[in-house]
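Following: one structure in structure tokens, then a few remarks.
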Amino acid sequence: YAAAPGDALAYADAHDNESLFDALTFKLPKDTSADDRARMQVLAMATATLSQGPALSQAGTDLLRSKSLDRNSYDSGDWFNAIHWNCADGNGFGRGLPPAADNEAKWPYAKPLLGAIQVGCPQIEGTSAAYQDLLRIRSTEQVFSLDTAGQVQSRLSFPLSGKDETPGVITMKLGDLVVVFNATPERQEQRVAALAGTGYGLHPVQAAGGDAVVKTSSYAEGTGTFTVPARTVAVFTTAG
């Protein structure tokens, strides 16, 4: 339906339906740690941020904004809609059961979650810092803003797709960049044999950025193997 990258808008969450944090609350195992919830938030946002064409994130998503599982908050007031700019005030999760009108069917699932999941300043500030690093990469690397479908088709590939794909991991080559999205709970190695002998390193923005975990990513030039920690998106560049 789109003839050019600029015709399609990428996003992980918007004003409709649950916020990203709330959607992940329903989808992730209940005992998922606060740190892992934050890392999965960054991963989900990265799929849009590091795509072609315009991308957006809902206001407050980088702060783990929650509407206490309200899926349709247009008439829910500030109690559910507020953005908590100070992490000490939390992220809005657990303010109460969301209004019945559009949420009552999910109350049996929502009630035990609302009292069991918490995130704090380390997760909120860490998510925001990691997302800002991704925005810096997107805004400084022109390959994330290609003009035509032909340019995308010539510069974008997924070299380990199909039978060579690791479930839960996407390896994307875009021009001189390689991006590894590792949504699994384990460190993963992605070997792209065709890139052996090419010098890659973690993108300078992430290497000097706010996420200590992504800094442990590595690349073995001899085999073309990218190693990325659990729940992490890492951008590699030949200028790294």
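FYI, nothing fancy with the structure tokens labels: chains A, B, ... in order, residues from 1 per chain, ligands from 1 as they appear.
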Next on the checklist: What parts of stretch 47-168 of chain A does DSSP call strand (DSSP E or B)? I'd like the answer as a PyMOL selection string.
Outcome noted: chain A and resi 55-56+156-157
Export of the given selection (all heavy atoms) as a PDB file, in the first residue's frame:
ATOM      1  N   ALA A  55       9.042   7.638  12.057  1.00  0.00           N
ATOM      2  CA  ALA A  55       8.741   6.771  13.200  1.00  0.00           C
ATOM      3  C   ALA A  55       8.312   7.647  14.371  1.00  0.00           C
ATOM      4  O   ALA A  55       8.756   8.788  14.506  1.00  0.00           O
ATOM      5  CB  ALA A  55       9.952   5.940  13.578  1.00  0.00           C
ATOM      6  N   LEU A  56       7.451   7.111  15.223  1.00  0.00           N
ATOM      7  CA  LEU A  56       7.014   7.854  16.392  1.00  0.00           C
ATOM      8  C   LEU A  56       6.969   6.926  17.587  1.00  0.00           C
ATOM      9  O   LEU A  56       6.926   5.702  17.459  1.00  0.00           O
ATOM     10  CB  LEU A  56       5.650   8.508  16.172  1.00  0.00           C
ATOM     11  CG  LEU A  56       4.408   7.614  16.009  1.00  0.00           C
ATOM     12  CD1 LEU A  56       3.839   7.173  17.369  1.00  0.00           C
ATOM     13  CD2 LEU A  56       3.319   8.349  15.236  1.00  0.00           C
ATOM     14  N   LEU A 156      19.180  -2.844   2.146  1.00  0.00           N
ATOM     15  CA  LEU A 156      18.670  -3.540   3.324  1.00  0.00           C
ATOM     16  C   LEU A 156      18.589  -5.044   3.067  1.00  0.00           C
ATOM     17  O   LEU A 156      18.084  -5.478   2.036  1.00  0.00           O
ATOM     18  CB  LEU A 156      17.284  -3.007   3.684  1.00  0.00           C
ATOM     19  CG  LEU A 156      16.528  -3.735   4.802  1.00  0.00           C
ATOM     20  CD1 LEU A 156      17.230  -3.585   6.135  1.00  0.00           C
ATOM     21  CD2 LEU A 156      15.090  -3.229   4.879  1.00  0.00           C
ATOM     22  N   SER A 157      19.079  -5.825   4.016  1.00  0.00           N
ATOM     23  CA  SER A 157      18.955  -7.280   3.906  1.00  0.00           C
ATOM     24  C   SER A 157      18.906  -7.893   5.304  1.00  0.00           C
ATOM     25  O   SER A 157      19.294  -7.271   6.296  1.00  0.00           O
ATOM     26  CB  SER A 157      20.124  -7.875   3.114  1.00  0.00           C
ATOM     27  OG  SER A 157      21.357  -7.662   3.780  1.00  0.00           O
TER      28      SER A 157
END
Item to check | All residues 7 Å or closer to A:Ala193, only C-alpha atoms, same chain fewer than 2 positions away omitted, as a PyMOL selection string | outcome: chain A and resi 191+195-196+223-224
Which residues of stretch 204-232 of chain A come within 10 Å of stretch 163-171 of chain A, and for each one, what is the closest pair of atoms and their distance in Å to one decimal, counting only C-alpha atoms, sorted by chain and residue number, as JSON lines?
{"residue": "A:Phe226", "atom": "CA", "partner": "A:Thr171", "partner_atom": "CA", "distance": 9.3}
{"residue": "A:Val228", "atom": "CA", "partner": "A:Val169", "partner_atom": "CA", "distance": 9.9}
{"residue": "A:Ala230", "atom": "CA", "partner": "A:Val169", "partner_atom": "CA", "distance": 10.0}
{"residue": "A:Arg231", "atom": "CA", "partner": "A:Val169", "partner_atom": "CA", "distance": 9.7}
{"residue": "A:Thr232", "atom": "CA", "partner": "A:Val169", "partner_atom": "CA", "distance": 9.8}
Serialized selection, N, CA and C atoms, as a short mmCIF file (atom, residue, chain, number, x, y, z; two decimals), in the first residue's frame:
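Dumped everything to again-v9.cif:
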data_model
loop_
_atom_site.label_atom_id
_atom_site.label_comp_id
_atom_site.auth_asym_id
_atom_site.auth_seq_id
_atom_site.Cartn_x
_atom_site.Cartn_y
_atom_site.Cartn_z
N PHE A 226 28.69 -11.72 15.40
CA PHE A 226 28.23 -10.65 16.28
C PHE A 226 27.65 -11.29 17.54
N VAL A 228 25.64 -10.53 21.08
CA VAL A 228 24.79 -9.49 21.68
C VAL A 228 24.13 -10.05 22.94
N ALA A 230 21.48 -10.61 26.17
CA ALA A 230 20.04 -10.85 26.22
C ALA A 230 19.27 -9.54 26.24
N ARG A 231 18.08 -9.57 25.64
CA ARG A 231 17.15 -8.43 25.69
C ARG A 231 17.81 -7.13 25.25
N THR A 232 18.53 -7.17 24.15
CA THR A 232 19.35 -6.02 23.74
C THR A 232 19.29 -5.83 22.23
#
Checklist entry - Which residues, written as a PyMOL selection string, have at least one atom at most 12 Å from A:Ser33, with only C-alpha atoms counted and residues fewer than 3 positions away on the same chain left out? => result chain A and resi 25+28-30+36-40+116-120+123+185+231
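Distances to A:Ala23 were evaluated for A:Phe93, A:Tyr74, A:Tyr1, A:Trp79 using only C-alpha atoms, and the minimum falls at A:Phe93.
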Checklist entry - Which one is closest to A:Ala100: A:Ser66, A:Ser73, A:Gln41, A:Thr148? Count only C-alpha atoms. => result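 Smallest distance to A:Ala100 is found for A:Ser73.
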Item to check | Closest of A:Lys106, A:Lys215, A:Lys67, A:Arg138 to A:Gln52 - atom-to-atom distances counting only C-alpha atoms | outcome: A:Arg138
Checklist entry - If you count only C-alpha atoms, which residues fall within 10 Å of A:Cys87, apart from same-chain ones fewer than 4 positions away, as a list in words? => result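 Final neighbour list, sorted by chain and number: Leu63, Leu64, Asn91, Val119, Gly120, Cys121, Pro122, Gln123, Ile124 and Glu125 of chain A.
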